[in-house]
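Source file: start-v1.pdb. Holds: PDB, C-alpha atoms.
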```pdb
ATOM      1  CA  MET A   1     -99.465   4.505 -23.285
ATOM      2  CA  SER A   2     -98.379   0.920 -23.820
ATOM      3  CA  ASP A   3     -97.538  -1.326 -20.917
ATOM      4  CA  VAL A   4     -93.885  -1.367 -22.033
ATOM      5  CA  ALA A   5     -93.745   2.430 -22.132
ATOM      6  CA  GLU A   6     -95.226   2.628 -18.677
ATOM      7  CA  ARG A   7     -92.684   0.219 -17.215
ATOM      8  CA  VAL A   8     -89.790   1.968 -18.975
ATOM      9  CA  LYS A   9     -90.869   5.357 -17.675
ATOM     10  CA  LYS A  10     -91.277   4.049 -14.157
ATOM     11  CA  ILE A  11     -87.685   2.746 -14.186
ATOM     12  CA  VAL A  12     -86.353   6.028 -15.577
ATOM     13  CA  ILE A  13     -88.228   8.103 -13.000
ATOM     14  CA  GLU A  14     -87.019   5.915 -10.143
ATOM     15  CA  HIS A  15     -83.436   5.612 -11.293
ATOM     16  CA  LEU A  16     -82.805   9.215 -12.265
ATOM     17  CA  GLY A  17     -85.088  10.780  -9.680
ATOM     18  CA  VAL A  18     -86.753  13.053 -12.248
ATOM     19  CA  ASP A  19     -90.310  14.337 -12.505
ATOM     20  CA  ALA A  20     -92.700  12.122 -14.424
ATOM     21  CA  ASP A  21     -93.732  14.942 -16.764
ATOM     22  CA  LYS A  22     -90.146  15.250 -18.005
ATOM     23  CA  VAL A  23     -89.979  11.606 -19.022
ATOM     24  CA  VAL A  24     -91.448  11.970 -22.499
ATOM     25  CA  ASP A  25     -90.620   9.934 -25.584
ATOM     26  CA  ASN A  26     -88.138  12.394 -27.028
ATOM     27  CA  ALA A  27     -86.365  13.090 -23.711
ATOM     28  CA  ASN A  28     -82.646  12.378 -24.077
ATOM     29  CA  PHE A  29     -81.309  10.554 -21.011
ATOM     30  CA  ILE A  30     -78.118  12.586 -20.827
ATOM     31  CA  GLU A  31     -79.100  15.973 -22.237
ATOM     32  CA  ASP A  32     -82.638  16.294 -20.900
ATOM     33  CA  LEU A  33     -82.754  14.037 -17.851
ATOM     34  CA  GLY A  34     -79.324  14.700 -16.359
ATOM     35  CA  ALA A  35     -78.023  11.141 -16.620
ATOM     36  CA  ASP A  36     -74.278  10.500 -16.682
ATOM     37  CA  SER A  37     -72.751   7.741 -18.776
ATOM     38  CA  LEU A  38     -72.813   5.285 -15.858
ATOM     39  CA  ASP A  39     -76.529   6.012 -15.376
ATOM     40  CA  THR A  40     -77.164   4.956 -18.962
ATOM     41  CA  VAL A  41     -75.367   1.655 -18.321
ATOM     42  CA  GLU A  42     -77.395   1.137 -15.154
ATOM     43  CA  LEU A  43     -80.635   1.954 -16.964
ATOM     44  CA  VAL A  44     -79.850  -0.669 -19.581
ATOM     45  CA  MET A  45     -79.163  -3.166 -16.778
ATOM     46  CA  ALA A  46     -82.489  -2.271 -15.172
ATOM     47  CA  PHE A  47     -84.343  -2.664 -18.488
ATOM     48  CA  GLU A  48     -82.710  -6.042 -19.018
ATOM     49  CA  GLU A  49     -83.878  -7.190 -15.638
ATOM     50  CA  GLU A  50     -87.405  -5.781 -15.876
ATOM     51  CA  PHE A  51     -88.043  -7.253 -19.319
ATOM     52  CA  SER A  52     -85.852 -10.390 -19.023
ATOM     53  CA  VAL A  53     -84.035  -9.562 -22.244
ATOM     54  CA  GLU A  54     -80.429  -9.105 -23.146
ATOM     55  CA  ILE A  55     -79.486  -5.768 -24.682
ATOM     56  CA  PRO A  56     -76.199  -6.127 -26.580
ATOM     57  CA  ASP A  57     -73.695  -3.271 -26.293
ATOM     58  CA  ASP A  58     -74.154  -2.086 -29.880
ATOM     59  CA  ALA A  59     -77.924  -1.892 -29.374
ATOM     60  CA  ALA A  60     -77.488  -0.174 -26.003
ATOM     61  CA  GLU A  61     -75.520   2.573 -27.736
ATOM     62  CA  THR A  62     -78.501   3.403 -29.939
ATOM     63  CA  ILE A  63     -80.809   3.878 -26.938
ATOM     64  CA  VAL A  64     -80.384   7.567 -26.150
ATOM     65  CA  THR A  65     -83.972   8.685 -25.554
ATOM     66  CA  VAL A  66     -86.899   7.295 -23.598
ATOM     67  CA  GLY A  67     -88.652   6.571 -26.900
ATOM     68  CA  ASP A  68     -85.615   4.616 -28.159
ATOM     69  CA  ALA A  69     -85.813   2.378 -25.097
ATOM     70  CA  VAL A  70     -89.574   1.852 -25.469
ATOM     71  CA  LYS A  71     -89.225   1.044 -29.154
ATOM     72  CA  PHE A  72     -86.371  -1.382 -28.585
ATOM     73  CA  LEU A  73     -88.098  -3.163 -25.730
ATOM     74  CA  GLU A  74     -91.476  -3.378 -27.479
ATOM     75  CA  LYS A  75     -89.721  -5.106 -30.352
ATOM     76  CA  ALA A  76     -87.577  -7.298 -28.113
ATOM     77  CA  THR A  77     -90.479  -8.491 -25.999
ATOM     78  CA  THR A  78     -92.789  -9.338 -28.896
ATOM     79  CA  ALA A  79     -90.120 -11.079 -30.984
TER      80      ALA A  79
ATOM     81  CA  MET B   1     -64.655  -0.122  14.117
ATOM     82  CA  PHE B   2     -64.006  -2.205  11.005
ATOM     83  CA  ASP B   3     -66.980  -4.480  11.598
ATOM     84  CA  LEU B   4     -67.665  -6.557   8.495
ATOM     85  CA  SER B   5     -70.554  -8.640   9.765
ATOM     86  CA  GLY B   6     -73.267  -9.055   7.171
ATOM     87  CA  LYS B   7     -70.735  -8.479   4.377
ATOM     88  CA  THR B   8     -69.530 -10.980   1.822
ATOM     89  CA  ALA B   9     -65.993 -11.144   0.462
ATOM     90  CA  LEU B  10     -64.343 -12.966  -2.421
ATOM     91  CA  VAL B  11     -60.584 -13.415  -1.995
ATOM     92  CA  THR B  12     -58.474 -14.749  -4.853
ATOM     93  CA  GLY B  13     -55.195 -16.499  -4.231
ATOM     94  CA  ALA B  14     -56.563 -17.742  -0.915
ATOM     95  CA  SER B  15     -54.528 -20.932  -1.042
ATOM     96  CA  GLY B  16     -51.356 -18.836  -0.736
ATOM     97  CA  GLY B  17     -49.928 -17.396   2.465
ATOM     98  CA  LEU B  18     -50.977 -13.792   1.994
ATOM     99  CA  GLY B  19     -54.425 -14.707   0.660
ATOM    100  CA  GLN B  20     -54.997 -16.922   3.687
ATOM    101  CA  ALA B  21     -54.041 -14.106   6.042
ATOM    102  CA  ILE B  22     -56.426 -11.748   4.233
ATOM    103  CA  ALA B  23     -59.289 -14.249   4.275
ATOM    104  CA  ARG B  24     -58.727 -14.946   7.973
ATOM    105  CA  ALA B  25     -58.711 -11.247   8.821
ATOM    106  CA  LEU B  26     -61.914 -10.506   6.888
ATOM    107  CA  HIS B  27     -63.612 -13.536   8.412
ATOM    108  CA  ALA B  28     -62.471 -12.552  11.909
ATOM    109  CA  ARG B  29     -64.231  -9.204  11.401
ATOM    110  CA  GLY B  30     -67.458 -11.007  10.592
ATOM    111  CA  ALA B  31     -67.456 -11.279   6.803
ATOM    112  CA  VAL B  32     -68.586 -14.404   5.009
ATOM    113  CA  VAL B  33     -65.730 -15.342   2.691
ATOM    114  CA  ALA B  34     -65.399 -17.152  -0.640
ATOM    115  CA  LEU B  35     -61.923 -18.586  -0.989
ATOM    116  CA  SER B  36     -60.597 -18.875  -4.507
ATOM    117  CA  GLY B  37     -57.295 -20.404  -5.447
ATOM    118  CA  THR B  38     -55.675 -23.164  -7.435
ATOM    119  CA  ARG B  39     -55.031 -25.634  -4.594
ATOM    120  CA  ARG B  40     -58.371 -27.170  -3.697
ATOM    121  CA  GLU B  41     -57.108 -28.976  -0.622
ATOM    122  CA  ALA B  42     -55.565 -25.850   0.914
ATOM    123  CA  LEU B  43     -58.822 -23.957   0.332
ATOM    124  CA  GLU B  44     -60.915 -26.700   1.895
ATOM    125  CA  ASP B  45     -58.572 -26.918   4.886
ATOM    126  CA  LEU B  46     -58.821 -23.163   5.377
ATOM    127  CA  ALA B  47     -62.621 -23.192   5.025
ATOM    128  CA  ARG B  48     -62.849 -25.981   7.594
ATOM    129  CA  ASP B  49     -60.505 -24.168   9.922
ATOM    130  CA  LEU B  50     -62.555 -20.964   9.701
ATOM    131  CA  GLY B  51     -65.696 -22.889  10.597
ATOM    132  CA  GLY B  52     -68.925 -21.396   9.264
ATOM    133  CA  GLY B  53     -69.180 -18.643   6.686
ATOM    134  CA  ALA B  54     -66.376 -19.825   4.421
ATOM    135  CA  HIS B  55     -66.738 -21.337   0.957
ATOM    136  CA  ALA B  56     -63.948 -22.968  -1.054
ATOM    137  CA  LEU B  57     -64.191 -22.082  -4.767
ATOM    138  CA  PRO B  58     -61.164 -23.463  -6.611
ATOM    139  CA  CYS B  59     -60.368 -21.488  -9.762
ATOM    140  CA  ASP B  60     -57.473 -21.257 -12.189
ATOM    141  CA  LEU B  61     -57.259 -17.560 -13.035
ATOM    142  CA  SER B  62     -55.288 -18.212 -16.215
ATOM    143  CA  ASP B  63     -58.430 -19.905 -17.593
ATOM    144  CA  LYS B  64     -60.829 -17.279 -18.981
ATOM    145  CA  ALA B  65     -63.927 -19.473 -18.683
ATOM    146  CA  ALA B  66     -63.068 -20.351 -15.076
ATOM    147  CA  VAL B  67     -62.602 -16.656 -14.255
ATOM    148  CA  GLU B  68     -65.979 -15.820 -15.747
ATOM    149  CA  ALA B  69     -67.649 -18.547 -13.690
ATOM    150  CA  LEU B  70     -66.074 -17.467 -10.400
ATOM    151  CA  VAL B  71     -68.165 -14.404  -9.479
ATOM    152  CA  PRO B  72     -71.486 -16.107 -10.294
ATOM    153  CA  ALA B  73     -70.349 -19.055  -8.138
ATOM    154  CA  ALA B  74     -69.426 -16.722  -5.279
ATOM    155  CA  GLU B  75     -72.764 -14.908  -5.590
ATOM    156  CA  ALA B  76     -74.579 -18.241  -5.575
ATOM    157  CA  ALA B  77     -72.699 -19.331  -2.442
ATOM    158  CA  MET B  78     -72.957 -16.070  -0.482
ATOM    159  CA  GLY B  79     -75.858 -14.169  -2.074
ATOM    160  CA  SER B  80     -73.624 -11.277  -3.153
ATOM    161  CA  VAL B  81     -70.027 -10.086  -3.347
ATOM    162  CA  ASP B  82     -69.663  -6.872  -1.337
ATOM    163  CA  ILE B  83     -65.881  -7.030  -1.101
ATOM    164  CA  LEU B  84     -63.552  -8.281  -3.827
ATOM    165  CA  VAL B  85     -59.893  -8.788  -2.999
ATOM    166  CA  ASN B  86     -57.787  -9.351  -6.104
ATOM    167  CA  ASN B  87     -54.854 -10.966  -4.361
ATOM    168  CA  ALA B  88     -53.846 -13.785  -6.690
ATOM    169  CA  GLY B  89     -50.522 -13.281  -8.365
ATOM    170  CA  VAL B  90     -47.742 -15.216 -10.026
ATOM    171  CA  THR B  91     -44.152 -14.387 -10.849
ATOM    172  CA  LYS B  92     -42.103 -15.521 -13.845
ATOM    173  CA  ASP B  93     -38.940 -13.543 -13.280
ATOM    174  CA  ASN B  94     -36.382 -13.133 -15.998
ATOM    175  CA  LEU B  95     -34.045 -10.503 -17.331
ATOM    176  CA  PHE B  96     -35.928  -8.342 -19.770
ATOM    177  CA  MET B  97     -33.828  -9.353 -22.773
ATOM    178  CA  ARG B  98     -34.391 -13.019 -22.009
ATOM    179  CA  MET B  99     -38.065 -12.764 -21.112
ATOM    180  CA  LYS B 100     -40.268 -15.004 -23.218
ATOM    181  CA  ASP B 101     -43.666 -13.942 -24.509
ATOM    182  CA  GLU B 102     -45.239 -16.727 -22.465
ATOM    183  CA  GLU B 103     -43.638 -15.412 -19.269
ATOM    184  CA  TRP B 104     -45.006 -11.973 -20.009
ATOM    185  CA  ASP B 105     -48.459 -13.235 -20.990
ATOM    186  CA  THR B 106     -48.913 -15.572 -18.024
ATOM    187  CA  VAL B 107     -48.069 -12.894 -15.484
ATOM    188  CA  LEU B 108     -50.203 -10.201 -17.118
ATOM    189  CA  ASN B 109     -53.117 -12.610 -17.541
ATOM    190  CA  VAL B 110     -53.259 -13.852 -13.978
ATOM    191  CA  ASN B 111     -52.229 -10.679 -12.164
ATOM    192  CA  LEU B 112     -54.003  -8.030 -14.220
ATOM    193  CA  THR B 113     -56.488  -9.417 -16.746
ATOM    194  CA  ALA B 114     -58.156 -11.718 -14.217
ATOM    195  CA  ALA B 115     -58.441  -8.806 -11.781
ATOM    196  CA  PHE B 116     -60.096  -6.766 -14.539
ATOM    197  CA  ARG B 117     -62.582  -9.514 -15.374
ATOM    198  CA  LEU B 118     -63.444 -10.257 -11.749
ATOM    199  CA  SER B 119     -63.896  -6.572 -10.926
ATOM    200  CA  ARG B 120     -66.148  -6.109 -13.966
ATOM    201  CA  ALA B 121     -68.246  -9.104 -12.971
ATOM    202  CA  CYS B 122     -68.674  -7.875  -9.377
ATOM    203  CA  LEU B 123     -69.626  -4.341 -10.397
ATOM    204  CA  LYS B 124     -73.123  -5.175 -11.542
ATOM    205  CA  GLY B 125     -74.224  -6.236  -8.075
ATOM    206  CA  MET B 126     -72.203  -3.524  -6.342
ATOM    207  CA  LEU B 127     -73.737  -0.748  -8.453
ATOM    208  CA  LYS B 128     -77.198  -2.114  -7.888
ATOM    209  CA  ARG B 129     -76.710  -2.296  -4.134
ATOM    210  CA  ARG B 130     -74.894   1.053  -4.122
ATOM    211  CA  TYR B 131     -72.124  -0.480  -2.068
ATOM    212  CA  GLY B 132     -68.854  -2.188  -2.874
ATOM    213  CA  ARG B 133     -65.219  -2.502  -1.962
ATOM    214  CA  ILE B 134     -62.601  -3.620  -4.449
ATOM    215  CA  VAL B 135     -59.082  -4.047  -3.106
ATOM    216  CA  GLY B 136     -56.192  -4.969  -5.371
ATOM    217  CA  ILE B 137     -53.029  -6.415  -3.906
ATOM    218  CA  THR B 138     -50.304  -4.745  -5.894
ATOM    219  CA  SER B 139     -46.646  -4.489  -4.904
ATOM    220  CA  VAL B 140     -43.995  -1.966  -4.067
ATOM    221  CA  VAL B 141     -42.271  -2.990  -7.304
ATOM    222  CA  GLY B 142     -45.282  -1.764  -9.284
ATOM    223  CA  VAL B 143     -44.209   1.709  -8.222
ATOM    224  CA  THR B 144     -40.426   1.389  -7.921
ATOM    225  CA  GLY B 145     -39.687  -1.223 -10.603
ATOM    226  CA  ASN B 146     -37.377  -4.166  -9.991
ATOM    227  CA  PRO B 147     -34.734  -5.768 -12.201
ATOM    228  CA  GLY B 148     -35.840  -9.185 -13.431
ATOM    229  CA  GLN B 149     -39.503  -8.390 -12.873
ATOM    230  CA  GLY B 150     -40.522  -6.363 -15.922
ATOM    231  CA  ASN B 151     -43.646  -8.464 -16.364
ATOM    232  CA  TYR B 152     -44.590  -8.554 -12.673
ATOM    233  CA  ALA B 153     -43.938  -4.839 -12.136
ATOM    234  CA  ALA B 154     -45.985  -4.011 -15.241
ATOM    235  CA  SER B 155     -48.903  -6.090 -13.971
ATOM    236  CA  LYS B 156     -48.760  -4.423 -10.557
ATOM    237  CA  ALA B 157     -48.417  -0.893 -11.949
ATOM    238  CA  GLY B 158     -51.283  -1.757 -14.297
ATOM    239  CA  MET B 159     -53.433  -2.728 -11.362
ATOM    240  CA  ILE B 160     -52.858   0.675  -9.766
ATOM    241  CA  GLY B 161     -53.836   2.559 -12.938
ATOM    242  CA  MET B 162     -56.830   0.312 -13.501
ATOM    243  CA  SER B 163     -58.007   0.829  -9.917
ATOM    244  CA  LYS B 164     -57.742   4.615 -10.146
ATOM    245  CA  SER B 165     -59.752   4.677 -13.381
ATOM    246  CA  LEU B 166     -62.464   2.439 -12.012
ATOM    247  CA  ALA B 167     -62.489   4.356  -8.726
ATOM    248  CA  ALA B 168     -63.327   7.546 -10.612
ATOM    249  CA  GLU B 169     -66.100   5.828 -12.559
ATOM    250  CA  VAL B 170     -67.974   4.313  -9.640
ATOM    251  CA  ALA B 171     -67.250   6.650  -6.722
ATOM    252  CA  SER B 172     -70.724   8.207  -6.981
ATOM    253  CA  ARG B 173     -72.222   4.769  -6.329
ATOM    254  CA  ASN B 174     -70.396   4.239  -3.034
ATOM    255  CA  VAL B 175     -68.111   1.669  -4.581
ATOM    256  CA  THR B 176     -64.485   2.252  -3.638
ATOM    257  CA  VAL B 177     -61.479   0.814  -5.434
ATOM    258  CA  ASN B 178     -58.081   0.839  -3.757
ATOM    259  CA  CYS B 179     -54.797  -1.028  -3.698
ATOM    260  CA  VAL B 180     -52.532  -2.356  -0.980
ATOM    261  CA  ALA B 181     -48.852  -2.493  -1.912
ATOM    262  CA  PRO B 182     -46.828  -4.867   0.267
ATOM    263  CA  GLY B 183     -43.055  -4.686   0.418
ATOM    264  CA  PHE B 184     -41.037  -7.694   1.603
ATOM    265  CA  ILE B 185     -43.389 -10.037   3.454
ATOM    266  CA  GLU B 186     -42.582 -13.311   5.259
ATOM    267  CA  SER B 187     -43.648 -16.164   3.006
ATOM    268  CA  PRO B 188     -42.489 -19.567   1.812
ATOM    269  CA  MET B 189     -40.628 -17.575  -0.854
ATOM    270  CA  THR B 190     -38.626 -15.546   1.674
ATOM    271  CA  ASP B 191     -38.148 -18.558   4.017
ATOM    272  CA  VAL B 192     -35.802 -20.205   1.519
ATOM    273  CA  LEU B 193     -33.488 -17.184   1.270
ATOM    274  CA  ASN B 194     -30.088 -17.571   2.952
ATOM    275  CA  GLU B 195     -28.813 -15.172   5.606
ATOM    276  CA  LYS B 196     -26.798 -13.130   3.150
ATOM    277  CA  GLN B 197     -29.795 -12.656   0.840
ATOM    278  CA  LYS B 198     -31.981 -11.752   3.792
ATOM    279  CA  ALA B 199     -29.461  -9.218   5.052
ATOM    280  CA  ALA B 200     -29.319  -7.614   1.612
ATOM    281  CA  ILE B 201     -33.104  -7.272   1.531
ATOM    282  CA  LEU B 202     -33.337  -5.957   5.063
ATOM    283  CA  SER B 203     -30.707  -3.290   4.441
ATOM    284  CA  ALA B 204     -33.326  -1.622   2.228
ATOM    285  CA  VAL B 205     -36.027  -1.720   4.910
ATOM    286  CA  PRO B 206     -35.835   0.987   7.590
ATOM    287  CA  MET B 207     -37.945  -1.159   9.884
ATOM    288  CA  GLY B 208     -35.202  -3.786   9.743
ATOM    289  CA  ARG B 209     -37.511  -6.775   9.414
ATOM    290  CA  LEU B 210     -39.848  -8.467   6.976
ATOM    291  CA  GLY B 211     -43.544  -7.701   7.192
ATOM    292  CA  THR B 212     -46.168 -10.273   8.072
ATOM    293  CA  GLY B 213     -49.211 -11.386   6.169
ATOM    294  CA  ALA B 214     -51.377 -10.179   9.052
ATOM    295  CA  GLU B 215     -49.954  -6.661   8.664
ATOM    296  CA  VAL B 216     -50.946  -6.615   5.001
ATOM    297  CA  ALA B 217     -54.330  -8.113   5.833
ATOM    298  CA  ALA B 218     -55.009  -5.338   8.341
ATOM    299  CA  ALA B 219     -54.650  -2.774   5.553
ATOM    300  CA  VAL B 220     -57.112  -4.770   3.449
ATOM    301  CA  VAL B 221     -59.588  -4.911   6.332
ATOM    302  CA  TYR B 222     -59.403  -1.139   6.675
ATOM    303  CA  LEU B 223     -60.020  -0.479   2.973
ATOM    304  CA  ALA B 224     -62.841  -3.054   2.969
ATOM    305  CA  SER B 225     -64.544  -1.442   5.942
ATOM    306  CA  ALA B 226     -67.376   1.060   6.092
ATOM    307  CA  GLU B 227     -64.949   3.435   7.850
ATOM    308  CA  ALA B 228     -62.887   3.769   4.641
ATOM    309  CA  ALA B 229     -65.918   5.052   2.690
ATOM    310  CA  TYR B 230     -64.179   8.295   1.665
ATOM    311  CA  VAL B 231     -60.935   6.628   0.576
ATOM    312  CA  THR B 232     -60.830   5.642  -3.086
ATOM    313  CA  GLY B 233     -58.276   5.380  -5.874
ATOM    314  CA  GLN B 234     -55.488   5.117  -3.319
ATOM    315  CA  THR B 235     -52.577   2.779  -2.814
ATOM    316  CA  LEU B 236     -51.732   1.960   0.785
ATOM    317  CA  HIS B 237     -48.075   0.934   1.091
ATOM    318  CA  VAL B 238     -47.244  -1.649   3.741
ATOM    319  CA  ASN B 239     -43.494  -1.953   3.422
ATOM    320  CA  GLY B 240     -41.682  -1.042   6.632
ATOM    321  CA  GLY B 241     -40.585   2.201   5.069
ATOM    322  CA  MET B 242     -38.596   0.710   2.203
ATOM    323  CA  ALA B 243     -40.252   3.069  -0.261
ATOM    324  CA  MET B 244     -41.938   6.256   0.928
ATOM    325  CA  ILE B 245     -44.228   7.291  -1.884
TER     326      ILE B 245
END
```
Let me see whether you can do it: turn the structure in this file into structure tokens.
Amino acid sequence: MSDVAERVKKIVIEHLGVDADKVVDNANFIEDLGADSLDTVELVMAFEEEFSVEIPDDAAETIVTVGDAVKFLEKATTA
Amino acid sequence: MFDLSGKTALVTGASGGLGQAIARALHARGAVVALSGTRREALEDLARDLGGGAHALPCDLSDKAAVEALVPAAEAAMGSVDILVNNAGVTKDNLFMRMKDEEWDTVLNVNLTAAFRLSRACLKGMLKRRYGRIVGITSVVGVTGNPGQGNYAASKAGMIGMSKSLAAEVASRNVTVNCVAPGFIESPMTDVLNEKQKAAILSAVPMGRLGTGAEVAAAVVYLASAEAAYVTGQTLHVNGGMAMI
């Protein structure tokens, strides 16, 4: 697992209080991990802080699974 | 009860009479306060008078860039904003048919749009800390309406609807959003009324007198306190009984 993926999963586990084995790449924040819409906003805020990047609203809307977040942040942090 | 020590509060319109009373009351309960308003000197006088734990942050709420800079400035000065009091307000009264677009826009911008922007800016920190108090100073006329105040009443009714919506969104994060709705309060504005005008106003108030800024401020202190944790999306009317809603 990449360093980015590890950090993303740690944030998701902490924020949503879910078991680590549920936080897989294709886990949907809302449908699989029990997040509400405010949780998704808070997760994006937490990602922004952890990775010192800005995630614009239209990009944030495309981040619906753990894998989406990892992919976005891997790209954003290497760019 | 109602101990605010260790808390930080941003009060807009703090160079006005009611804002001053609110800032004084929060400070007296132990909160560190950031005083925002248009009159720098009045803010600095108030900050000096309060002694420690008070910061003057002049801001013109009709200026979008200034509004956006205000919360970061307050957070820089105090470390956080736990309590936001959207108190600033202006009136541009006119009969509806004569009301100019500018009179409408100015009142909506300062009274409602600025409150929206400041609340949005404070939310980030409040959500993260899982604690926040947002108090909007609305008005009895936002609920009852008032001839000549279509713009002002709309802005105050808008604040109530905005607060309820936000309250529902952030309740699970221990952030409460409420309003205080003053009726007729002693102020420089009511001081200039003649006896006949005063009598006309008071005939509508069962209590038979004007309210004081301190009486409004006490309601704000309550809603800002830890004790009011289970109260959200409400409007607390402080009006001597003139409207029982």
Selected by the PyMOL selection byres ((chain B and resi 159) around 9) in the shown coordinates: which residues, as a PyMOL selection string? chain B and resi 111-112+115-116+136-138+142+154-158+160-164+179
Tell me which residues the PyMOL selection byres ((chain A and resi 13) around 12) grabs here, as a PDB file with C-alpha atoms, in the frame of the given file.
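Now in selection.pdb:
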```pdb
ATOM      1  CA  GLU A   6     -95.226   2.628 -18.677  1.00  0.00           C
ATOM      2  CA  ARG A   7     -92.684   0.219 -17.215  1.00  0.00           C
ATOM      3  CA  VAL A   8     -89.790   1.968 -18.975  1.00  0.00           C
ATOM      4  CA  LYS A   9     -90.869   5.357 -17.675  1.00  0.00           C
ATOM      5  CA  LYS A  10     -91.277   4.049 -14.157  1.00  0.00           C
ATOM      6  CA  ILE A  11     -87.685   2.746 -14.186  1.00  0.00           C
ATOM      7  CA  VAL A  12     -86.353   6.028 -15.577  1.00  0.00           C
ATOM      8  CA  GLU A  14     -87.019   5.915 -10.143  1.00  0.00           C
ATOM      9  CA  HIS A  15     -83.436   5.612 -11.293  1.00  0.00           C
ATOM     10  CA  LEU A  16     -82.805   9.215 -12.265  1.00  0.00           C
ATOM     11  CA  GLY A  17     -85.088  10.780  -9.680  1.00  0.00           C
ATOM     12  CA  VAL A  18     -86.753  13.053 -12.248  1.00  0.00           C
ATOM     13  CA  ASP A  19     -90.310  14.337 -12.505  1.00  0.00           C
ATOM     14  CA  ALA A  20     -92.700  12.122 -14.424  1.00  0.00           C
ATOM     15  CA  ASP A  21     -93.732  14.942 -16.764  1.00  0.00           C
ATOM     16  CA  LYS A  22     -90.146  15.250 -18.005  1.00  0.00           C
ATOM     17  CA  VAL A  23     -89.979  11.606 -19.022  1.00  0.00           C
ATOM     18  CA  VAL A  24     -91.448  11.970 -22.499  1.00  0.00           C
ATOM     19  CA  ALA A  27     -86.365  13.090 -23.711  1.00  0.00           C
ATOM     20  CA  PHE A  29     -81.309  10.554 -21.011  1.00  0.00           C
ATOM     21  CA  LEU A  33     -82.754  14.037 -17.851  1.00  0.00           C
ATOM     22  CA  GLY A  34     -79.324  14.700 -16.359  1.00  0.00           C
ATOM     23  CA  ALA A  35     -78.023  11.141 -16.620  1.00  0.00           C
ATOM     24  CA  LEU A  43     -80.635   1.954 -16.964  1.00  0.00           C
ATOM     25  CA  VAL A  66     -86.899   7.295 -23.598  1.00  0.00           C
TER      26      VAL A  66
END
```
Suppose a student applies the PyMOL selection byres ((chain A and resi 42) around 12) to this structure; what residues should they get, written as number ranges by chain? A: 11-12, 14-16, 29, 35-41, 43-49, 55, 60; B: 123-130, 170, 173
Residue neighbourhood B:Ile83, 6 Å, all atoms listed in the file, exclusion window fewer than 5 positions, as number ranges by chain: B: 9, 132-134
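Counting only C-alpha atoms, the residue from B:Leu18, B:Ala171, B:Ala219, B:Leu108 that sits nearest to chain A is B:Ala171.
Computed from the coordinates, the atom CA of B:Ala218 to atom CA of B:Gln197 distance equals 27.3 Å.
Going from atom CA of B:Val71 to atom CA of B:Val180 covers 21.5 Å.
Distances from B:Ser119, B:Gly148, B:Ala168, B:Gly53 to chain A were compared using all atoms listed in the file, and the smallest one belongs to B:Ala168.
Neighbouring residues of A:Lys75 at 12 Å or closer, counting all atoms listed in the file and skipping chain neighbours under 6 positions away, are Val4, Ala5, Phe51, Val53, Ile55, Asp68 and Ala69 of chain A.
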Could those residues be written to a file, using C-alpha atoms, as a PDB file, in the frame of the given file?
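Contents of the output file again02.pdb:
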```
ATOM      1  CA  VAL A   4     -93.885  -1.367 -22.033  1.00  0.00           C
ATOM      2  CA  ALA A   5     -93.745   2.430 -22.132  1.00  0.00           C
ATOM      3  CA  PHE A  51     -88.043  -7.253 -19.319  1.00  0.00           C
ATOM      4  CA  VAL A  53     -84.035  -9.562 -22.244  1.00  0.00           C
ATOM      5  CA  ILE A  55     -79.486  -5.768 -24.682  1.00  0.00           C
ATOM      6  CA  ASP A  68     -85.615   4.616 -28.159  1.00  0.00           C
ATOM      7  CA  ALA A  69     -85.813   2.378 -25.097  1.00  0.00           C
TER       8      ALA A  69
END
```
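Computed from the coordinates, the atom CA of B:Thr8 to atom CA of B:Met78 distance equals 6.6 Å.
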In terms of only C-alpha atoms, the residue from B:Glu169, B:Asp93, B:Glu102, B:Asp3 at minimal distance from chain A is B:Glu169
